[in-house]
$ cat entry-v3.cif   # mmCIF, C-alpha atoms and all ligand atoms
data_structure
loop_
_atom_site.label_atom_id
_atom_site.label_comp_id
_atom_site.auth_asym_id
_atom_site.auth_seq_id
_atom_site.Cartn_x
_atom_site.Cartn_y
_atom_site.Cartn_z
CA MET A 1 4.84 43.80 -4.18
CA ILE A 2 1.44 42.10 -3.75
CA GLY A 3 -0.45 43.76 -0.90
CA ARG A 4 -1.40 41.61 2.12
CA ARG A 5 -5.10 42.03 1.27
CA ALA A 6 -4.51 40.69 -2.27
CA VAL A 7 -2.57 37.70 -0.94
CA LEU A 8 -5.36 36.89 1.51
CA ALA A 9 -7.96 37.31 -1.21
CA ALA A 10 -6.12 34.99 -3.58
CA PRO A 11 -6.86 31.72 -1.76
CA MET A 12 -10.50 32.73 -1.26
CA ALA A 13 -10.87 33.49 -4.96
CA LEU A 14 -9.17 30.23 -5.86
CA ALA A 15 -11.47 28.34 -3.48
CA ALA A 16 -14.50 29.96 -5.10
CA CYS A 17 -13.23 28.92 -8.53
CA ASP A 18 -12.75 25.40 -7.24
CA ARG A 19 -16.29 25.28 -5.88
CA LEU A 20 -17.70 26.63 -9.14
CA ALA A 21 -15.61 24.22 -11.17
CA SER A 22 -16.66 21.24 -9.08
CA ALA A 23 -20.30 22.29 -9.23
CA GLU A 24 -20.14 22.33 -13.05
CA THR A 25 -18.00 19.20 -13.50
CA PRO A 26 -20.21 16.49 -15.03
CA ALA A 27 -20.11 13.11 -13.25
CA LEU A 28 -17.29 11.00 -14.67
CA ARG A 29 -18.39 7.77 -16.34
CA VAL A 30 -15.73 5.11 -15.70
CA PRO A 31 -15.99 1.35 -16.39
CA PRO A 32 -15.55 -0.88 -13.32
CA LEU A 33 -11.81 -0.89 -12.73
CA LYS A 34 -11.58 -4.64 -12.19
CA THR A 35 -13.01 -5.11 -15.70
CA VAL A 36 -10.37 -2.97 -17.44
CA ALA A 37 -7.30 -3.80 -15.33
CA PRO A 38 -5.08 -6.54 -16.87
CA CYS A 39 -4.63 -8.20 -13.49
CA PRO A 40 -6.46 -8.30 -10.14
CA PHE A 41 -7.46 -4.76 -9.15
CA GLY A 42 -7.42 -4.44 -5.38
CA THR A 43 -7.87 -2.23 -2.40
CA CYS A 44 -7.11 -2.41 1.29
CA VAL A 45 -9.84 -3.49 3.68
CA GLN A 46 -10.62 -3.53 7.37
CA ILE A 47 -13.61 -4.91 9.26
CA ALA A 48 -15.17 -1.45 9.45
CA ASN A 49 -15.38 -1.53 5.63
CA LEU A 50 -17.12 -4.91 5.66
CA ASP A 51 -19.69 -3.47 8.07
CA ASP A 52 -20.38 -0.58 5.64
CA PRO A 53 -23.00 -1.52 2.98
CA SER A 54 -21.96 1.35 0.69
CA TRP A 55 -18.35 0.17 0.80
CA ARG A 56 -19.44 -3.41 0.03
CA ASP A 57 -21.56 -2.22 -2.91
CA LEU A 58 -18.67 -0.23 -4.42
CA ALA A 59 -16.13 -3.00 -3.81
CA SER A 60 -18.37 -5.62 -5.41
CA VAL A 61 -18.36 -3.57 -8.62
CA GLN A 62 -14.76 -2.34 -8.66
CA ILE A 63 -12.55 -4.82 -6.81
CA SER A 64 -11.20 -8.33 -7.41
CA GLN A 65 -8.50 -8.48 -4.71
CA LEU A 66 -8.22 -7.40 -1.08
CA THR A 67 -5.28 -6.53 1.19
CA PRO A 68 -6.04 -6.42 4.93
CA GLU A 69 -5.16 -2.84 5.94
CA TRP A 70 -4.12 -3.55 9.54
CA GLU A 71 -5.90 -6.52 11.14
CA MET A 72 -3.56 -9.13 9.64
CA LYS A 73 -0.54 -7.40 11.20
CA MET A 74 1.11 -8.12 14.55
CA GLU A 75 -0.52 -5.02 16.04
CA TYR A 76 -3.88 -6.83 15.90
CA VAL A 77 -2.90 -10.52 15.84
CA LEU A 78 -0.54 -10.22 18.84
CA ALA A 79 -2.47 -7.57 20.77
CA ASP A 80 -3.07 -10.16 23.53
CA GLY A 81 0.49 -11.49 23.37
CA LEU A 82 2.31 -14.27 21.56
CA ALA A 83 0.40 -17.02 23.38
CA HIS A 84 -3.01 -15.64 22.33
CA PRO A 85 -2.97 -14.70 18.64
CA ARG A 86 -6.18 -13.15 17.32
CA PHE A 87 -7.41 -14.25 13.90
CA ASP A 88 -11.12 -13.40 14.16
CA ARG A 89 -11.03 -10.33 11.95
CA THR A 90 -8.69 -11.72 9.31
CA ASP A 91 -10.77 -14.91 9.16
CA ARG A 92 -13.78 -12.72 8.42
CA ILE A 93 -11.94 -10.83 5.70
CA ILE A 94 -10.83 -14.11 4.10
CA ASP A 95 -14.40 -15.48 4.25
CA TYR A 96 -15.79 -12.27 2.70
CA ALA A 97 -13.24 -12.41 -0.13
CA ARG A 98 -13.95 -16.07 -0.88
CA ALA A 99 -17.72 -15.42 -0.85
CA ASN A 100 -17.26 -12.53 -3.29
CA ALA A 101 -14.78 -14.10 -5.73
CA MET A 102 -11.94 -11.88 -4.57
CA THR A 103 -8.34 -12.98 -4.02
CA VAL A 104 -6.40 -11.90 -0.93
CA HIS A 105 -2.89 -10.45 -0.68
CA GLY A 106 -1.56 -11.07 2.82
CA HIS A 107 -0.11 -8.01 4.56
CA THR A 108 2.27 -8.20 6.37
CA LEU A 109 4.19 -10.86 8.23
CA ILE A 110 7.35 -9.03 9.36
CA TRP A 111 7.54 -5.22 9.69
CA TYR A 112 10.14 -3.17 11.53
CA SER A 113 7.45 -1.06 13.12
CA GLN A 114 5.54 -3.83 14.90
CA GLY A 115 6.15 -6.77 17.24
CA ARG A 116 8.73 -5.17 19.53
CA GLU A 117 6.52 -5.40 22.64
CA ALA A 118 5.33 -8.95 21.99
CA PHE A 119 8.91 -10.18 21.47
CA ALA A 120 10.46 -8.16 24.29
CA GLY A 121 12.40 -10.07 26.94
CA LEU A 122 12.73 -13.32 25.00
CA ASP A 123 16.09 -15.07 25.08
CA ASP A 124 17.60 -16.02 21.71
CA ALA A 125 16.10 -19.52 21.56
CA ALA A 126 12.66 -18.26 22.54
CA PHE A 127 12.94 -15.37 20.07
CA ASP A 128 13.76 -17.82 17.27
CA ARG A 129 10.82 -20.06 18.18
CA ALA A 130 8.50 -17.05 18.31
CA PHE A 131 9.74 -15.53 15.01
CA ASP A 132 9.49 -18.77 13.06
CA GLY A 133 6.35 -19.84 14.92
CA TYR A 134 4.50 -16.58 14.18
CA ILE A 135 5.19 -16.72 10.45
CA ALA A 136 4.36 -20.44 10.29
CA ALA A 137 1.13 -19.94 12.25
CA VAL A 138 -0.17 -16.98 10.20
CA ALA A 139 1.00 -18.08 6.75
CA GLY A 140 0.05 -21.67 7.57
CA ARG A 141 -3.45 -20.69 8.71
CA TYR A 142 -4.17 -19.03 5.39
CA ARG A 143 -2.36 -21.51 3.16
CA GLY A 144 -4.50 -21.97 0.04
CA LYS A 145 -6.59 -18.92 1.00
CA VAL A 146 -4.17 -16.09 0.18
CA ARG A 147 -2.64 -15.61 -3.26
CA SER A 148 0.48 -13.86 -1.98
CA TRP A 149 2.21 -12.27 1.00
CA ASP A 150 4.12 -9.15 1.86
CA VAL A 151 6.59 -11.29 3.82
CA VAL A 152 8.72 -8.28 4.82
CA ASN A 153 7.52 -4.68 4.72
CA GLU A 154 9.62 -1.49 4.51
CA PRO A 155 13.18 -2.68 5.24
CA ILE A 156 14.88 0.52 4.04
CA LEU A 157 15.49 3.87 5.75
CA ASP A 158 13.38 6.77 4.50
CA ASP A 159 16.37 8.51 2.87
CA GLY A 160 17.44 5.30 1.15
CA SER A 161 20.91 5.45 2.70
CA ALA A 162 20.81 1.95 4.24
CA LEU A 163 18.58 -0.78 5.58
CA ARG A 164 16.73 -0.09 8.83
CA ASP A 165 17.99 -1.42 12.13
CA CYS A 166 15.16 -2.96 14.13
CA HIS A 167 14.43 -5.69 16.67
CA TRP A 168 14.45 -8.24 13.86
CA SER A 169 17.84 -7.17 12.46
CA ALA A 170 19.29 -6.98 15.98
CA ARG A 171 18.79 -10.75 16.24
CA TYR A 172 19.47 -11.91 12.67
CA GLY A 173 21.22 -9.05 10.85
CA GLN A 174 19.73 -6.70 8.27
CA ASP A 175 19.61 -9.14 5.35
CA GLY A 176 19.41 -12.10 7.76
CA TYR A 177 15.95 -11.43 9.15
CA ILE A 178 14.58 -10.96 5.66
CA LEU A 179 16.12 -14.21 4.42
CA ARG A 180 14.81 -16.09 7.47
CA ALA A 181 11.31 -14.67 7.12
CA PHE A 182 11.06 -15.64 3.46
CA GLU A 183 12.39 -19.16 4.12
CA VAL A 184 9.91 -19.79 6.93
CA ALA A 185 7.06 -18.35 4.86
CA ARG A 186 8.04 -20.55 1.92
CA ARG A 187 7.81 -23.65 4.11
CA ALA A 188 4.49 -22.52 5.61
CA ASP A 189 2.85 -21.83 2.24
CA PRO A 190 4.69 -23.30 -0.77
CA ASP A 191 2.15 -21.86 -3.20
CA ALA A 192 1.81 -18.22 -2.17
CA VAL A 193 3.78 -15.63 -4.14
CA LEU A 194 6.21 -14.02 -1.69
CA PHE A 195 6.83 -10.25 -1.90
CA LEU A 196 9.18 -7.64 -0.50
CA ASN A 197 7.17 -4.41 -0.12
CA GLU A 198 8.45 -0.81 0.14
CA TYR A 199 7.35 2.82 -0.33
CA ASN A 200 8.80 5.96 -1.97
CA LEU A 201 10.83 3.86 -4.40
CA GLU A 202 9.78 6.13 -7.25
CA GLY A 203 9.98 9.57 -5.67
CA ILE A 204 13.29 8.98 -3.87
CA PRO A 205 15.61 7.42 -6.46
CA LYS A 206 18.25 6.61 -3.82
CA LYS A 207 15.70 4.54 -1.92
CA GLY A 208 14.65 2.78 -5.10
CA ALA A 209 18.27 1.96 -5.88
CA THR A 210 18.94 0.62 -2.37
CA PHE A 211 15.80 -1.52 -2.63
CA LEU A 212 16.88 -3.01 -5.95
CA ARG A 213 20.38 -3.72 -4.61
CA LEU A 214 18.79 -5.51 -1.67
CA VAL A 215 16.64 -7.56 -4.05
CA GLU A 216 19.76 -8.53 -6.01
CA ARG A 217 21.59 -9.60 -2.84
CA LEU A 218 18.64 -11.62 -1.59
CA LEU A 219 18.19 -13.43 -4.90
CA LYS A 220 21.92 -14.22 -5.06
CA ALA A 221 21.66 -15.64 -1.53
CA GLY A 222 18.92 -17.99 -2.68
CA CYS A 223 16.07 -16.14 -0.96
CA PRO A 224 12.65 -17.40 -2.18
CA LEU A 225 11.71 -13.81 -3.04
CA GLN A 226 9.20 -13.97 -5.89
CA GLY A 227 7.70 -10.51 -6.22
CA LEU A 228 8.41 -6.81 -5.75
CA GLY A 229 5.84 -4.58 -4.04
CA ALA A 230 5.97 -0.88 -4.93
CA GLN A 231 3.56 0.72 -2.51
CA SER A 232 3.28 3.89 -4.65
CA HIS A 233 2.09 6.31 -2.00
CA LEU A 234 2.81 9.00 -4.54
CA TRP A 235 2.81 12.77 -4.31
CA ILE A 236 1.85 15.27 -6.99
CA ASP A 237 5.29 16.91 -7.31
CA ILE A 238 7.32 13.80 -8.14
CA ALA A 239 9.43 14.83 -11.16
CA GLU A 240 8.00 13.56 -14.43
CA GLY A 241 9.67 10.34 -15.55
CA ARG A 242 10.89 9.13 -12.12
CA ILE A 243 7.95 6.76 -11.64
CA ALA A 244 8.42 5.14 -15.03
CA ALA A 245 12.19 4.96 -14.55
CA PHE A 246 11.84 2.95 -11.34
CA MET A 247 9.28 0.60 -12.88
CA ARG A 248 11.64 -0.07 -15.80
CA GLU A 249 14.55 -0.83 -13.46
CA ALA A 250 12.45 -3.04 -11.20
CA ALA A 251 11.19 -4.96 -14.24
CA GLY A 252 14.76 -6.01 -14.97
CA PHE A 253 14.58 -8.83 -12.38
CA GLY A 254 11.80 -10.46 -14.40
CA LEU A 255 9.71 -10.85 -11.21
CA PRO A 256 6.01 -10.07 -10.78
CA ILE A 257 5.42 -6.48 -9.67
CA HIS A 258 2.58 -5.40 -7.38
CA VAL A 259 1.56 -1.75 -7.28
CA SER A 260 0.51 -2.48 -3.74
CA GLU A 261 -0.79 0.67 -2.00
CA LEU A 262 -1.49 3.44 -4.53
CA ASP A 263 -2.76 6.74 -3.29
CA VAL A 264 -1.75 10.27 -4.29
CA THR A 265 -2.32 12.93 -1.67
CA LEU A 266 -3.11 16.43 -2.90
CA ARG A 267 -1.43 17.87 0.18
CA THR A 268 2.09 19.13 -0.33
CA ASP A 269 4.97 20.12 1.90
CA LYS A 270 4.11 23.72 1.03
CA GLY A 271 0.98 23.37 3.13
CA ALA A 272 -1.20 26.47 3.19
CA LEU A 273 1.37 28.27 1.05
CA ASP A 274 0.53 26.01 -1.87
CA LEU A 275 -1.70 28.43 -3.75
CA ARG A 276 -2.28 26.09 -6.65
CA SER A 277 -5.97 25.44 -7.28
CA HIS A 278 -7.59 22.11 -6.47
CA ALA A 279 -8.02 21.59 -10.21
CA ASP A 280 -4.30 22.19 -10.81
CA ARG A 281 -3.30 19.72 -8.12
CA VAL A 282 -5.77 17.13 -9.39
CA ALA A 283 -4.29 17.52 -12.87
CA ARG A 284 -0.83 16.81 -11.46
CA GLN A 285 -2.24 13.85 -9.52
CA THR A 286 -3.78 12.28 -12.62
CA ALA A 287 -0.54 12.87 -14.55
CA ARG A 288 1.41 10.87 -11.96
CA VAL A 289 -1.24 8.12 -11.87
CA THR A 290 -1.16 7.94 -15.66
CA GLU A 291 2.63 7.68 -15.64
CA LEU A 292 2.54 4.87 -13.07
CA THR A 293 -0.23 2.93 -14.80
CA GLU A 294 1.29 3.25 -18.26
CA ALA A 295 4.63 2.08 -16.87
CA PHE A 296 2.83 -0.89 -15.28
CA MET A 297 1.09 -1.63 -18.58
CA ALA A 298 4.48 -1.60 -20.32
CA LEU A 299 5.53 -4.60 -18.19
CA PRO A 300 5.33 -8.08 -19.74
CA PRO A 301 1.90 -9.52 -18.78
CA ALA A 302 3.52 -12.14 -16.52
CA GLN A 303 5.00 -9.32 -14.43
CA ARG A 304 1.74 -7.46 -13.88
CA PHE A 305 0.86 -9.18 -10.60
CA ALA A 306 -1.82 -6.86 -9.21
CA PHE A 307 -2.71 -3.19 -8.92
CA THR A 308 -3.98 -2.11 -5.50
CA THR A 309 -5.13 1.26 -4.19
CA TRP A 310 -4.82 1.98 -0.50
CA GLY A 311 -8.53 2.56 -0.04
CA LEU A 312 -11.51 2.99 -2.33
CA ARG A 313 -13.13 6.30 -1.32
CA ASP A 314 -11.28 9.42 -0.20
CA THR A 315 -12.76 9.08 3.28
CA ASP A 316 -11.42 5.51 3.54
CA SER A 317 -7.86 6.80 3.23
CA TRP A 318 -5.36 6.73 6.08
CA TYR A 319 -4.70 10.34 5.03
CA ARG A 320 -8.23 11.19 6.15
CA LYS A 321 -7.87 9.70 9.59
CA ALA A 322 -8.25 12.11 12.50
CA ASP A 323 -4.73 13.40 13.01
CA LYS A 324 -4.04 13.84 9.30
CA ASP A 325 -7.34 15.07 7.98
CA ASP A 326 -7.68 18.52 6.44
CA GLY A 327 -11.12 17.53 5.14
CA LYS A 328 -10.17 18.32 1.56
CA ASP A 329 -7.69 15.64 0.49
CA SER A 330 -8.73 13.41 -2.40
CA PRO A 331 -6.05 10.70 -2.67
CA LEU A 332 -8.14 7.81 -4.02
CA PRO A 333 -10.17 6.76 -7.10
CA PHE A 334 -13.61 7.51 -5.63
CA ASP A 335 -15.10 10.36 -3.63
CA GLN A 336 -16.80 9.87 -0.28
CA ASN A 337 -20.07 9.04 -2.06
CA GLY A 338 -18.46 6.42 -4.29
CA ARG A 339 -18.46 8.62 -7.39
CA PRO A 340 -15.38 8.35 -9.65
CA ASN A 341 -12.66 10.93 -9.10
CA PRO A 342 -10.40 11.96 -12.01
CA MET A 343 -7.97 9.33 -10.71
CA ALA A 344 -10.44 6.57 -11.62
CA GLY A 345 -10.67 7.97 -15.13
CA ALA A 346 -6.89 8.09 -15.45
CA LEU A 347 -6.61 4.47 -14.29
CA ALA A 348 -9.28 3.21 -16.68
CA THR A 349 -7.80 5.13 -19.62
CA ALA A 350 -4.28 3.86 -19.01
CA PHE A 351 -5.48 0.28 -18.41
CA GLY A 352 -7.49 0.49 -21.60
CA ARG A 353 -4.42 1.30 -23.67
CA ALA A 354 -3.25 -2.31 -23.42
O1 LIG A 401 -10.17 1.06 14.35
C1 LIG A 401 -9.43 1.16 15.57
C2 LIG A 401 -10.26 1.92 16.61
O2 LIG A 401 -11.42 1.15 16.93
C3 LIG A 401 -9.40 2.15 17.85
O3 LIG A 401 -10.14 2.93 18.78
C4 LIG A 401 -8.12 2.88 17.45
C5 LIG A 401 -7.22 3.15 18.62
O4 LIG A 401 -6.67 1.92 19.05
O5 LIG A 401 -7.40 2.06 16.50
C6 LIG A 401 -8.15 1.88 15.32
O6 LIG A 401 -7.39 1.07 14.45
C7 LIG A 401 -6.34 1.76 13.78
C8 LIG A 401 -6.46 1.37 12.29
O7 LIG A 401 -5.35 1.94 11.55
C9 LIG A 401 -7.76 1.82 11.66
O8 LIG A 401 -7.78 3.18 11.52
C10 LIG A 401 -5.00 1.25 14.33
O9 LIG A 401 -4.85 1.67 15.66
C11 LIG A 401 -3.87 1.83 13.47
O10 LIG A 401 -2.62 1.28 13.90
C12 LIG A 401 -4.09 1.43 12.00
O11 LIG A 401 -3.08 2.09 11.23
C13 LIG A 401 -2.77 1.45 9.99
C14 LIG A 401 -1.24 1.52 9.83
O12 LIG A 401 -0.85 1.01 8.55
C15 LIG A 401 -0.55 0.70 10.89
O13 LIG A 401 -0.96 -0.64 10.79
C16 LIG A 401 -3.46 2.21 8.86
O14 LIG A 401 -4.86 2.02 8.92
C17 LIG A 401 -2.94 1.72 7.52
O15 LIG A 401 -3.47 2.51 6.45
C18 LIG A 401 -1.41 1.77 7.47
O16 LIG A 401 -1.02 1.18 6.24
C19 LIG A 401 0.39 1.23 5.96
C20 LIG A 401 0.79 -0.12 5.34
O17 LIG A 401 0.50 -1.17 6.23
C21 LIG A 401 2.27 -0.09 4.96
N1 LIG A 401 2.56 1.04 4.06
C22 LIG A 401 2.17 2.35 4.60
C23 LIG A 401 0.68 2.34 4.93
C24 LIG A 401 0.22 3.71 5.41
O18 LIG A 401 0.86 4.01 6.61
#

$ encode --input "entry-v3.cif" --output "structure tokens"
Amino acid sequence: MIGRRAVLAAPMALAACDRLASAETPALRVPPLKTVAPCPFGTCVQIANLDDPSWRDLASVQISQLTPEWEMKMEYVLADGLAHPRFDRTDRIIDYARANAMTVHGHTLIWYSQGREAFAGLDDAAFDRAFDGYIAAVAGRYRGKVRSWDVVNEPILDDGSALRDCHWSARYGQDGYILRAFEVARRADPDAVLFLNEYNLEGIPKKGATFLRLVERLLKAGCPLQGLGAQSHLWIDIAEGRIAAFMREAAGFGLPIHVSELDVTLRTDKGALDLRSHADRVARQTARVTELTEAFMALPPAQRFAFTTWGLRDTDSWYRKADKDDGKDSPLPFDQNGRPNPMAGALATAFGRA
């Protein structure tokens, strides 16, 4: 029976080891990721990043594609209502990308979690005009300026048991709203590659299977779905092999695949009871990143659409925002000072094994 004092001492000793280890760890030398990736290497961006010179410096070296993190979504565009869409911030992101030889992946046109307020109270005819009009206005505005779109984001329930019900499916049905959104987007921008984007496809096999069945149904219905977005918000305890297994199954459709929002939190559902050292958890993190990247590299080149992390530096991560921050998480390729984390090394190594 370990005494209470010993149990309390354990985390402190582990923390000391971590500090000592990090103090001795030589700085990683990693080639710019956009130079070793076999496709555009991207990250998410918001205006606050563009106003940060250190972010711009790091992005100019590492990044060749951008995904607007939130300002291209209804929550920003429709903040003043359907009659007064706001494009100022996304216009600035597009201009920055074009001035810095970066492509843009549009994110996202239709999402279950946004738009309810702006569309509230509309009768069916007005709802239809607003739904089609929004997609046509946003995708039309950036026609020729974005490479691709997440036309629909996160259509599946967290447990993978079914598709979500939402204000969009209430009007058009669960597959219906997705079909309609893709058809309107196709008309608005005939050249953009149109994606369906989802998370936890790897770590929750049932969700991955439901996603792939949805893709099959949509394609059979003639949906202009052209790409599959695996967000890859991974966690360190995903069983070995699951990530690669999903990538292999998804590849079967022959469509381009976008690893669209990679991050790997070091926090676990064990919370403070997770007595594993930082070094141990980082080792598990890099093992999962290696598995994902090697599975991506095993795709035919035509199916390697892009590889995007959901932030550049740990402090840019949504995990490090106020209500989620434990001050220690390191979910991204670079630390808060822009120095490569082990994740960056794992990415470069796996990309380099082309
Ligand atoms: O910057 C403003 C701040 O000025 C303002 O005071 C504050 C309160 O209104 O809002 C701040 O903006 C927030 C923004 O994140 C920047 O932190 C928005 O409210 C907040 O809604 C936004 O959250 C984003 C979230 O999607 C919802 O759009 C996160 O940044 C973004 O990382 C997250 O990304 C999602 C993907 O789109 C889909 N996949 C999951 C992923 C993580 O949840």

$ residues_near_ligand --input "entry-v3.cif" --ligand "ligand LIG 401 (chain A)" --cutoff "6 Å" --atoms "all atoms listed in the file" --output "number ranges by chain"
A: 69-70, 318

$ closest_residue --input "entry-v3.cif" --among "A:Ser330, A:Asp325, A:Thr290, A:Gly133" --to "Ala348 of chain A" --atoms "all atoms listed in the file"
A:Thr290

$ atom_distance --input "entry-v3.cif" --atom1 "atom CA of Thr103 of chain A" --atom2 "atom CA of Ile63 of chain A"
9.6 Å

$ atom_distance --input "entry-v3.cif" --atom1 "atom CA of Ile204 of chain A" --atom2 "atom CA of Arg242 of chain A"
8.6 Å

$ closest_residue --input "entry-v3.cif" --among "A:Trp55, A:Phe195, A:Phe296, A:Tyr134" --to "Ile243 of chain A" --atoms "all atoms listed in the file"
A:Phe296

$ atom_distance --input "entry-v3.cif" --atom1 "atom CA of Ser169 of chain A" --atom2 "atom CA of Ala221 of chain A"
16.8 Å

$ closest_residue --input "entry-v3.cif" --among "A:Asp132, A:Val138, A:Ala118, A:Arg98" --to "Glu71 of chain A" --atoms "all atoms listed in the file"
A:Val138

$ residues_around --input "entry-v3.cif" --residues "Asp329 of chain A" --least-positions-apart "2" --cutoff "8 Å" --atoms "only C-alpha atoms" --output "list in words"
Thr265, Leu266, Arg267, Asp314, Tyr319, Arg320, Asp325, Asp326, Gly327 and Pro331 of chain A

$ closest_residue --input "entry-v3.cif" --among "A:Arg288, A:Arg217, A:Arg339, A:Arg171" --to "Arg313 of chain A" --atoms "only C-alpha atoms"
A:Arg339

$ residues_around --input "entry-v3.cif" --residues "Gly252 of chain A" --least-positions-apart "4" --cutoff "10 Å" --atoms "all atoms listed in the file" --output "JSON, numbers by chain"
{"A": [212, 247, 248, 299]}

$ residues_around --input "entry-v3.cif" --residues "Thr293 of chain A" --least-positions-apart "4" --cutoff "8 Å" --atoms "all atoms listed in the file" --output "list in words"
Val289, Met297, Leu347, Ala350 and Phe351 of chain A

$ residues_around --input "entry-v3.cif" --residues "Gly140 of chain A" --least-positions-apart "5" --cutoff "12 Å" --atoms "all atoms listed in the file" --output "PDB file with C-alpha atoms, in the coordinates of the input"
ATOM      1  CA  GLY A 106      -1.560 -11.070   2.820  1.00  0.00           C
ATOM      2  CA  LEU A 109       4.190 -10.860   8.230  1.00  0.00           C
ATOM      3  CA  ASP A 132       9.490 -18.770  13.060  1.00  0.00           C
ATOM      4  CA  GLY A 133       6.350 -19.840  14.920  1.00  0.00           C
ATOM      5  CA  TYR A 134       4.500 -16.580  14.180  1.00  0.00           C
ATOM      6  CA  ILE A 135       5.190 -16.720  10.450  1.00  0.00           C
ATOM      7  CA  LYS A 145      -6.590 -18.920   1.000  1.00  0.00           C
ATOM      8  CA  VAL A 146      -4.170 -16.090   0.180  1.00  0.00           C
ATOM      9  CA  TRP A 149       2.210 -12.270   1.000  1.00  0.00           C
ATOM     10  CA  VAL A 184       9.910 -19.790   6.930  1.00  0.00           C
ATOM     11  CA  ALA A 185       7.060 -18.350   4.860  1.00  0.00           C
ATOM     12  CA  ARG A 186       8.040 -20.550   1.920  1.00  0.00           C
ATOM     13  CA  ARG A 187       7.810 -23.650   4.110  1.00  0.00           C
ATOM     14  CA  ALA A 188       4.490 -22.520   5.610  1.00  0.00           C
ATOM     15  CA  ASP A 189       2.850 -21.830   2.240  1.00  0.00           C
ATOM     16  CA  PRO A 190       4.690 -23.300  -0.770  1.00  0.00           C
ATOM     17  CA  ASP A 191       2.150 -21.860  -3.200  1.00  0.00           C
ATOM     18  CA  ALA A 192       1.810 -18.220  -2.170  1.00  0.00           C
TER      19      ALA A 192
END

$ closest_residue --input "entry-v3.cif" --among "A:Ile110, A:Ala209, A:Gly121, A:Gly311" --to "Cys166 of chain A" --atoms "all atoms listed in the file"
A:Ile110

$ closest_residue --input "entry-v3.cif" --among "A:Thr43, A:Leu214, A:Pro155, A:Ser64" --to "Asp316 of chain A" --atoms "only C-alpha atoms"
A:Thr43

$ residues_near_point --input "entry-v3.cif" --point "(-5.8, 7.2, -5.4)" --cutoff "6 Å" --atoms "all atoms listed in the file" --output "list in words"
Leu262, Asp263, Val264, Pro331, Leu332 and Pro333 of chain A

$ decode --input "entry-v3.cif" --residues "segment 81-94 of chain A" --atoms "N, CA and C atoms" --output "tab-separated table (two decimals), in the first residue's frame"
chain	number	residue	atom	x	y	z
A	81	GLY	N	-26.51	39.71	-38.41
A	81	GLY	CA	-27.75	39.25	-39.05
A	81	GLY	C	-27.56	38.95	-40.53
A	82	LEU	N	-28.54	38.26	-41.09
A	82	LEU	CA	-28.46	37.80	-42.47
A	82	LEU	C	-28.33	38.96	-43.46
A	83	ALA	N	-28.92	40.09	-43.12
A	83	ALA	CA	-28.93	41.22	-44.07
A	83	ALA	C	-27.61	41.97	-44.07
A	84	HIS	N	-26.75	41.69	-43.06
A	84	HIS	CA	-25.50	42.47	-42.94
A	84	HIS	C	-24.29	41.56	-42.74
A	85	PRO	N	-24.00	40.71	-43.71
A	85	PRO	CA	-22.86	39.80	-43.56
A	85	PRO	C	-21.55	40.57	-43.45
A	86	ARG	N	-20.63	40.01	-42.62
A	86	ARG	CA	-19.34	40.69	-42.39
A	86	ARG	C	-18.22	39.87	-43.04
A	87	PHE	N	-17.52	40.49	-43.97
A	87	PHE	CA	-16.44	39.78	-44.66
A	87	PHE	C	-15.08	40.44	-44.43
A	88	ASP	N	-15.03	41.47	-43.59
A	88	ASP	CA	-13.79	42.24	-43.46
A	88	ASP	C	-12.60	41.38	-43.05
A	89	ARG	N	-12.82	40.52	-42.05
A	89	ARG	CA	-11.68	39.75	-41.54
A	89	ARG	C	-11.27	38.63	-42.52
A	90	THR	N	-12.26	38.00	-43.12
A	90	THR	CA	-11.89	36.93	-44.07
A	90	THR	C	-11.25	37.54	-45.31
A	91	ASP	N	-11.72	38.71	-45.74
A	91	ASP	CA	-11.04	39.38	-46.87
A	91	ASP	C	-9.57	39.62	-46.54
A	92	ARG	N	-9.31	39.99	-45.29
A	92	ARG	CA	-7.91	40.27	-44.89
A	92	ARG	C	-7.07	38.99	-44.88
A	93	ILE	N	-7.69	37.91	-44.44
A	93	ILE	CA	-6.98	36.63	-44.43
A	93	ILE	C	-6.66	36.19	-45.86
A	94	ILE	N	-7.64	36.34	-46.74
A	94	ILE	CA	-7.43	35.97	-48.15
A	94	ILE	C	-6.31	36.83	-48.75
